[in-house]
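Chemist: The structure's right below; bear with me while I get my questions together.
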Amino acid sequence: MMNFKNILKEIEQTDAGVYEQIKGRRQVLKSFGARAVAAALPFATGSLFTEAYGKTTGVDAHVQALNFILALEYFAYNYYHTANNTGGLIPANDQPGFLTIENEKKAHITYLNAQIANTFLGSPYTPKNYNPSASNPYFVVSGAYDFTAGGKYLVFSDYPTFVMMAETFEDTFVHGYLGQTTVALDSNTLLALLMQMQCSVARHASFARFVRRNLGYAQAPEHPAPWITNNIPPIPDLQLYYSGEENTSQLGIDISLLPGISGTTPQISATAAFDDNLKDRLAVLSLLSYFML
Amino acid sequence: MEIKNAPVNKQAEETDKGYDVSRRRFFQLAGGLAGAGLLLSSCNNHTKPTATYLGSGDVALLNYLYIMEQMEASYYTQAFATPYYGMTKDELLLMQDLRDQEIAHREFLKQVLGTNAIAAISLNFSMVTFADRNSVLSYAALFEDLVISAINGSAHLFSNTDYVVTLNKMVTVEARHSAYVRDALYANTFSKNVIDVNGLDRSVSPAAGLATAASYIHTNFDSSKLPN
């Protein structure tokens with residue numbers, strides 16, 4: 001755990017460092033294994049982080065939130081752009097949907113860049129090894145992402161795997177956006193941006209989950225609905241991405257005890273009715289770090 | 001025909017034109033709609049003696065969203081009770097989910113409002129042909145998109161920011177709902193004509209949102225203290 005504490009200290013000093021730490025953190029995660037990740041996540045969402053980020057207020061905090069969102073959008077754009085340009089991966093029936101997602105991620109990056117620079121007067125985040133080409137400035141040809149996580153997930157050669165990770169990434173993005181709500185409470189501009197953008201992301205999550213549902217029980221035994229039911233992951237390996245989604249308490253009210261169509265609200269709907277597990281920036285980036293170089 | 005005596009079928013007769021559903025098949029289904037008269041019985045009460053006061057400040061905003069969630073919950077309750085022609089087993093499962101989640105939203109807001117909650121509203125779904133898939137899913141998308149824009153356009157007006165954090169967790173689920181009903185209607189249209197050039201979903205002011213919702217509600221509201 002000492003390594004994590006060192007990372008935390010550096011993040012307290014500079015939020016920009018969080019992105020630089022991903023590589024180091026990834027090595028740490030690799031060396032400690034899955035148990036370390038499980039141990040680190042609650043820690044990462046604990047009070048130390050709240051305090052660290054709580055000290056930053058106003059414009060700086062807003063820029064940090066926006067840059068974090070921008071990092072998610074770059075990640076997503078590169079994922080879909082690669083997939084959409086991999087011949088034979090995506091069936092024709094689903095291609096329009098994934099192209100729409102790619103285009104909306106692109107629109108998010110463009111808008112975030114402009115908002116950060118012009119409205120919030122900050123410096124927009126760029127991915128590792130960012131070397132923009134004129135024709136496609138948001139695509140990082142190499143050195144930023146490994147969406148196979150070292151060959152574990154064959155996302156660009158196996159369509160069900162691509163869809164499964166699209167689902168997992170999108171749900172994680174939603175959690176990431178929701179985790180920034182508290183940062184935006186003192187800025188109507190930022191709040192509106194986050195809310196309207198996160199709804200677009202939630203639509204992407206819904207689409208990916210619906211596509212996976214339609215792959216059938218053989219490819220998707222958990223038969224996902226477009227919304228997250230309990231904390232059920234596509235596969236057990238991805239459980240951490242959904243931990244916390246089983247929550248049924250909102251503002252101190254247990255949703256599962258509220259009146260339903262008959263009796264009380266079914267457990268699956270009590271959990272699905274709210275997206276949950278609002279994750280802070282490090283928690284989300286930790287989950288995505290397996291796919292970042 | 002005896003079914004003409006049933007208000008719900010009169011309603012359907014007026015509105016099934018223009019929808020791609022066989023009239024004969026519709027009336028075969030109409031027998032199954034008997035229960036719909038009960039569910040929608042409040043629609044026949046067109047008298048509006050007094051306006052329902054929404055309150056002021058956060059209470060008014062919560063009541064505004066409570067109106068929206070009542071609308072959605074009642075809509076899916078009806079859609080599930082009288083499945084459209086050709087509804088698959090899988091679609092029925094998802095319709096049940098939609099119903100139960102919107103009921104959860106409605107009951108949650110009611111609980112948060114406590115004694116400040118307005119009474120159950122009287123809805124007007126006369127323009128919907130519940131036997132017709134296209135009609136049901138189209139209006140579902142319309143309602144979902146309206147609620148999304150209503151939450152997005154009212155969040156900044158709340159004094160108690162705890163509400164904002166929780167409403168945020170609701171609005172992303174509404175976006176999931178909207179995407180689904182849109183995709184079910186026409187594949188790959190989860191964001192068509194909703195997401196703008198900046199990749200942003202919609203937002204509407206409470207006054208404008210309430211005005212749009214009024215087309216589907218008989219109840220009159222006094223929104224004089226609704227923040228906007």
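In the structure tokens, chains take letters A, B, ... by order of appearance, with residues numbered from 1 within each chain and ligands from 1 in the order shown.
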Would you mind writing down, as a count of residues only, each residue of segment 36-239 of chain A that DSSP on the backbone assigns to helix (DSSP H, G or I)?
Modeler: 125
Chemist: Please identify all polymer residues within 10 Å of segment 225-227 of chain B, counting only C-alpha atoms, omitting same-chain residues fewer than 5 positions from it, and present them as a count of residues only.
Modeler: 18
Chemist: Select, as a PDB file with C-alpha atoms, in the first residue's frame, those residues of chain A with any atom no more than 6 Å from chain B (distances computed using only C-alpha atoms).
Modeler:
ATOM      1  CA  GLY A  97     -24.862   2.978 -34.136  1.00  0.00           C
ATOM      2  CA  GLU A 104     -20.566  12.079 -30.623  1.00  0.00           C
ATOM      3  CA  ALA A 107     -18.085  16.269 -30.774  1.00  0.00           C
ATOM      4  CA  HIS A 108     -17.505  15.988 -27.029  1.00  0.00           C
ATOM      5  CA  TYR A 111     -16.582  21.043 -27.331  1.00  0.00           C
ATOM      6  CA  ASN A 188     -24.267  26.455 -13.722  1.00  0.00           C
ATOM      7  CA  GLN A 196     -26.188  17.177 -21.060  1.00  0.00           C
ATOM      8  CA  MET A 197     -23.013  15.347 -22.058  1.00  0.00           C
ATOM      9  CA  CYS A 199     -26.941  11.842 -21.086  1.00  0.00           C
ATOM     10  CA  SER A 200     -25.325  11.355 -24.461  1.00  0.00           C
ATOM     11  CA  ALA A 202     -25.727   7.080 -21.102  1.00  0.00           C
ATOM     12  CA  ARG A 203     -27.396   6.664 -24.499  1.00  0.00           C
ATOM     13  CA  SER A 206     -27.790   1.807 -23.441  1.00  0.00           C
ATOM     14  CA  SER A 269     -35.709  -2.046 -10.574  1.00  0.00           C
ATOM     15  CA  ALA A 273     -33.743   3.100 -11.543  1.00  0.00           C
ATOM     16  CA  PHE A 274     -30.630   5.036 -10.514  1.00  0.00           C
ATOM     17  CA  ASP A 275     -27.154   4.921 -11.967  1.00  0.00           C
TER      18      ASP A 275
END
Chemist: May I ask for the distance between atom CA of Ser215 of chain B and atom CA of Asn124 of chain B, given in Å to one decimal place?
Modeler: 7.5 Å
Chemist: Pick the closest to Met127 of chain B from B:Ala81, B:Lys89, B:Thr212, B:Tyr139: which is it, counting only C-alpha atoms?
Modeler: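 That would be B:Tyr139, the residue with the smallest distance to Met127 of chain B.
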Chemist: Given the choices A:Tyr130, A:Phe291, A:Phe68, A:Tyr159, which gets closest to Phe173 of chain A if the distance is worked out from only C-alpha atoms?
Modeler: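 Nearest candidate to Phe173 of chain A out of A:Tyr130, A:Phe291, A:Phe68, A:Tyr159: A:Phe68.
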Chemist: Between atom CA of Lys152 of chain A and atom CA of Arg212 of chain A, what is the distance, to one decimal in Å?
Modeler: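 Between atom CA of Lys152 of chain A and atom CA of Arg212 of chain A the gap works out to 19.1 Å.
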Chemist: Go through segment 84-275 of chain A and collect every residue that DSSP, computed from the backbone, puts in strand (DSSP E); the answer should be as a PyMOL selection string.
Modeler: chain A and resi 249-250+253-254
Chemist: So how far away is atom CA of Tyr66 of chain B from atom CA of Thr129 of chain B, in Å?
Modeler: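 Separation between atom CA of Thr129 of chain B and atom CA of Tyr66 of chain B: 24.5 Å.
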